[in-house]
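*Asks:* Please find final_36.csv (CSV, C-alpha atoms) on the next line:
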```
chain,number,residue,atom,x,y,z
D,27,MET,CA,26.2,-1.5,-12.4
D,28,ASN,CA,23.6,-1.8,-9.6
D,29,MET,CA,20.1,-2.0,-11.1
D,30,ILE,CA,18.2,-2.0,-7.8
D,31,PRO,CA,17.9,1.8,-7.4
D,32,PHE,CA,16.7,2.0,-11.0
D,33,ILE,CA,14.1,-0.8,-10.4
D,34,LYS,CA,13.0,1.0,-7.2
D,35,GLN,CA,12.6,4.2,-9.2
D,36,ILE,CA,10.4,2.4,-11.8
D,37,VAL,CA,8.3,0.7,-9.2
D,38,GLY,CA,7.8,3.9,-7.2
D,39,ALA,CA,7.0,6.1,-10.2
D,40,LYS,CA,3.4,7.5,-10.4
D,41,LEU,CA,3.3,6.6,-14.1
D,42,PHE,CA,4.0,2.9,-13.3
D,43,HIS,CA,1.3,3.0,-10.6
D,44,HIS,CA,-1.2,4.6,-12.9
D,45,PHE,CA,-0.4,2.1,-15.6
D,46,VAL,CA,-1.0,-0.8,-13.2
D,47,VAL,CA,-4.3,0.7,-12.1
D,48,ALA,CA,-5.3,1.1,-15.8
D,49,VAL,CA,-4.4,-2.6,-16.5
D,50,ILE,CA,-6.5,-3.7,-13.5
D,51,MET,CA,-9.4,-1.8,-14.8
D,52,LEU,CA,-8.9,-3.3,-18.2
D,53,ALA,CA,-8.8,-6.7,-16.6
D,54,GLY,CA,-12.2,-6.0,-15.1
D,55,VAL,CA,-13.6,-5.0,-18.5
D,56,VAL,CA,-12.1,-8.0,-20.2
D,57,ALA,CA,-13.5,-10.4,-17.5
D,58,GLY,CA,-16.9,-8.9,-18.0
D,59,LEU,CA,-16.8,-9.2,-21.7
D,60,GLU,CA,-15.6,-12.8,-21.5
D,61,THR,CA,-18.9,-13.7,-19.8
D,62,SER,CA,-20.8,-13.0,-23.0
D,63,PRO,CA,-20.9,-15.9,-25.4
D,64,ALA,CA,-21.6,-13.6,-28.3
D,65,MET,CA,-18.6,-11.4,-27.5
D,66,MET,CA,-16.4,-14.5,-27.1
D,67,GLU,CA,-17.6,-15.9,-30.5
D,68,ARG,CA,-16.9,-12.6,-32.3
D,69,HIS,CA,-13.8,-11.3,-30.4
D,70,GLY,CA,-12.6,-14.3,-28.4
D,71,THR,CA,-9.1,-14.3,-29.8
D,72,ILE,CA,-8.7,-10.6,-29.0
D,73,LEU,CA,-10.1,-11.0,-25.5
D,74,LEU,CA,-7.9,-14.0,-24.8
D,75,GLY,CA,-4.9,-12.1,-26.1
D,76,LEU,CA,-5.7,-9.2,-23.9
D,77,ASP,CA,-6.1,-11.6,-21.0
D,78,LYS,CA,-2.6,-12.9,-21.6
D,79,PHE,CA,-1.2,-9.4,-21.9
D,80,ILE,CA,-2.8,-8.4,-18.6
D,81,LEU,CA,-1.4,-11.5,-16.9
D,82,GLY,CA,2.0,-10.7,-18.3
D,83,VAL,CA,1.9,-7.2,-17.0
D,84,PHE,CA,1.0,-8.5,-13.5
D,85,ILE,CA,3.8,-11.0,-13.6
D,86,VAL,CA,6.3,-8.3,-14.7
D,87,GLU,CA,5.0,-6.0,-11.9
D,88,ALA,CA,5.5,-8.7,-9.3
D,89,LEU,CA,9.0,-9.5,-10.6
D,90,LEU,CA,10.0,-5.9,-10.6
D,91,LYS,CA,8.7,-5.4,-7.0
D,92,LEU,CA,10.6,-8.6,-5.9
D,93,ALA,CA,13.7,-7.3,-7.7
D,94,ALA,CA,13.4,-3.9,-6.0
D,95,HIS,CA,14.2,-5.6,-2.7
D,96,GLY,CA,17.5,-6.7,-4.0
D,97,ARG,CA,19.2,-9.5,-2.1
D,98,GLN,CA,16.2,-9.7,0.3
D,99,PRO,CA,13.3,-10.5,-2.0
D,100,TRP,CA,11.4,-12.1,0.8
D,101,ARG,CA,10.7,-8.6,2.2
D,102,TYR,CA,8.2,-8.3,-0.7
D,103,PHE,CA,6.0,-10.7,1.2
D,104,ALA,CA,6.1,-8.7,4.4
D,105,ASP,CA,3.3,-6.5,3.0
D,106,GLY,CA,0.0,-8.4,3.1
D,107,TRP,CA,-1.2,-6.6,-0.1
D,108,ASN,CA,1.8,-7.9,-2.0
D,109,VAL,CA,1.0,-11.4,-0.8
D,110,PHE,CA,-2.6,-10.8,-2.0
D,111,ASP,CA,-1.5,-9.6,-5.4
D,112,PHE,CA,1.0,-12.5,-5.7
D,113,LEU,CA,-1.6,-15.1,-4.9
D,114,ILE,CA,-4.0,-13.7,-7.5
D,115,VAL,CA,-1.2,-13.9,-10.1
D,116,VAL,CA,-0.4,-17.5,-9.1
D,117,LEU,CA,-4.0,-18.5,-9.2
D,118,CYS,CA,-4.3,-17.0,-12.7
D,119,LEU,CA,-1.3,-19.1,-13.8
D,120,LEU,CA,-2.8,-22.4,-12.7
D,121,PRO,CA,-3.9,-24.5,-15.7
D,122,VAL,CA,-7.6,-24.8,-14.9
D,123,GLY,CA,-10.0,-25.8,-17.6
D,124,GLY,CA,-12.9,-28.1,-18.5
D,125,PRO,CA,-15.3,-28.4,-15.5
D,126,PHE,CA,-13.2,-25.9,-13.5
D,127,ALA,CA,-13.5,-23.2,-16.1
D,128,ALA,CA,-15.7,-21.2,-13.6
D,129,VAL,CA,-12.8,-21.2,-11.2
D,130,LEU,CA,-10.6,-19.7,-14.0
D,131,ARG,CA,-13.2,-17.0,-14.6
D,132,LEU,CA,-13.4,-16.3,-10.9
D,133,THR,CA,-9.6,-15.8,-10.7
D,134,ARG,CA,-9.8,-13.4,-13.6
D,135,ALA,CA,-12.5,-11.5,-11.9
D,136,LEU,CA,-10.4,-11.5,-8.7
D,137,ARG,CA,-7.8,-9.4,-10.6
D,138,LEU,CA,-10.2,-6.5,-10.2
D,139,LEU,CA,-9.7,-6.8,-6.4
D,140,ARG,CA,-6.1,-5.8,-7.0
D,141,LEU,CA,-7.5,-2.3,-7.3
D,142,VAL,CA,-7.8,-2.4,-3.5
D,143,SER,CA,-4.0,-3.1,-3.2
D,144,ALA,CA,-3.2,-0.4,-5.8
D,145,LEU,CA,-5.2,2.4,-4.1
D,146,PRO,CA,-4.1,3.3,-0.5
D,147,LYS,CA,-7.5,4.9,0.3
D,148,LEU,CA,-9.2,1.6,-0.4
D,149,GLN,CA,-6.6,-0.2,1.7
D,150,LEU,CA,-7.5,2.0,4.6
D,151,LEU,CA,-11.2,1.4,4.1
D,152,VAL,CA,-10.8,-2.4,3.9
D,153,GLY,CA,-8.5,-2.4,6.9
D,154,ALA,CA,-11.1,-0.4,8.9
D,155,LEU,CA,-13.9,-2.8,7.8
D,156,LEU,CA,-11.9,-5.8,8.8
D,157,LYS,CA,-11.1,-4.3,12.3
D,158,SER,CA,-14.8,-3.5,12.8
D,159,LEU,CA,-16.0,-7.0,12.0
D,160,SER,CA,-16.0,-8.0,15.7
D,161,ALA,CA,-18.1,-5.0,16.5
D,162,MET,CA,-20.6,-5.8,13.7
D,163,GLY,CA,-21.9,-8.7,15.8
D,164,TYR,CA,-22.9,-6.4,18.5
D,165,VAL,CA,-24.5,-4.0,16.0
D,166,SER,CA,-26.5,-7.0,14.7
D,167,LEU,CA,-27.5,-7.9,18.2
D,168,LEU,CA,-28.6,-4.4,19.0
D,169,LEU,CA,-30.7,-4.3,15.7
D,170,ALA,CA,-32.3,-7.6,16.5
D,171,LEU,CA,-33.2,-6.4,20.0
D,172,LEU,CA,-34.7,-3.2,18.5
D,173,PHE,CA,-36.7,-5.2,15.9
D,174,TYR,CA,-37.9,-7.5,18.6
D,175,ILE,CA,-39.0,-4.6,20.9
D,176,TYR,CA,-40.9,-2.9,18.0
D,177,ALA,CA,-42.4,-6.2,17.0
D,178,VAL,CA,-43.7,-6.8,20.5
D,179,ALA,CA,-44.9,-3.2,20.8
D,180,GLY,CA,-46.6,-3.5,17.4
D,181,ILE,CA,-48.7,-6.5,18.4
```
Once you've parsed the file, please lay out its structure as structure tokens.

*Replies:*
Amino acid sequence: MNMIPFIKQIVGAKLFHHFVVAVIMLAGVVAGLETSPAMMERHGTILLGLDKFILGVFIVEALLKLAAHGRQPWRYFADGWNVFDFLIVVLCLLPVGGPFAAVLRLTRALRLLRLVSALPKLQLLVGALLKSLSAMGYVSLLLALLFYIYAVAGI
């Protein structure tokens, strides 16, 4: 039996999408709670367990999306947002501890950025911002000229 259509149906389902968005939001809350030493002291095992659950969900999501491409799993990486999601998952899997604990916290916080890849409207906004970066230099130059003119006129 061919499982690929079934996997595509799962990955394309709104319920699956909403579940992933909810897990991303949970990841943001957990990352915030982990910054509190008092919360970690009281509920550290629960928070670390939630963190492992969240990472597991992200791994399963990536594997399902890879499997949905069947015999051409490299097509998963054709979408830049999938590459972004995959890199975040890989960074979270790296064994980082000791003096690099801040890096681990940062990768956990980066999970919240997966919200951009999960919501098409945010993707559109980020794409527009990235395309307008070159024009931002000219806007800054125009503002600097205006500030200079007003400064000279004010003196």

*Asks:* To one decimal place in Å, what is the distance between atom CA of D:Leu167 and atom CA of D:Leu155?

*Replies:*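 If I compute the distance from atom CA of D:Leu167 to atom CA of D:Leu155, I get 17.9 Å.
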
*Asks:* Identify which of the residues D:Ala94, D:Leu171, D:Leu148, D:Ile181 lies closest to D:Phe32, counting all atoms listed in the file when measuring atom-to-atom distances.

*Replies:*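 Of the candidates, the smallest distance to D:Phe32 is held by D:Ala94.
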
*Asks:* Atom CA of D:Met51 and atom CA of D:Ile80, how far apart in Å?

*Replies:*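 Between these atoms lies a distance of 10.1 Å.
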
*Asks:* Which residues, written as a list in words, have at least one atom at most 10 Å from D:Val115, with all atoms listed in the file counted and residues fewer than 3 positions away on the same chain left out?

*Replies:* Leu81, Gly82, Phe84, Ile85, Ala88, Val109, Phe110, Asp111, Phe112, Cys118, Leu119, Leu120, Thr133, Arg134, Leu136, Arg137 and Arg140 of chain D

*Asks:* With distances taken over all atoms listed in the file, which residue among D:Ala154, D:Val116, D:Phe45, D:Ile30 lies nearest D:Gln98?

*Replies:*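 Residue with the minimum atom-to-atom distance to D:Gln98: D:Ile30.
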
*Asks:* Measure the distance from atom CA of D:Ile36 to atom CA of D:His95 in Å and round it to one decimal.

*Replies:* 12.7 Å

*Asks:* Taking only C-alpha atoms into account, name the residue in D:Leu168, D:Leu90, D:Leu52, D:Lys78 that is nearest to D:Met29.

*Replies:*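 Once distances to D:Met29 are computed over only C-alpha atoms, the minimum belongs to D:Leu90.
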
*Asks:* Pick from D:Leu73, D:Ala144, D:Leu117, D:Ile175: nearest to D:Phe42, with only C-alpha atoms counted?

*Replies:* D:Ala144
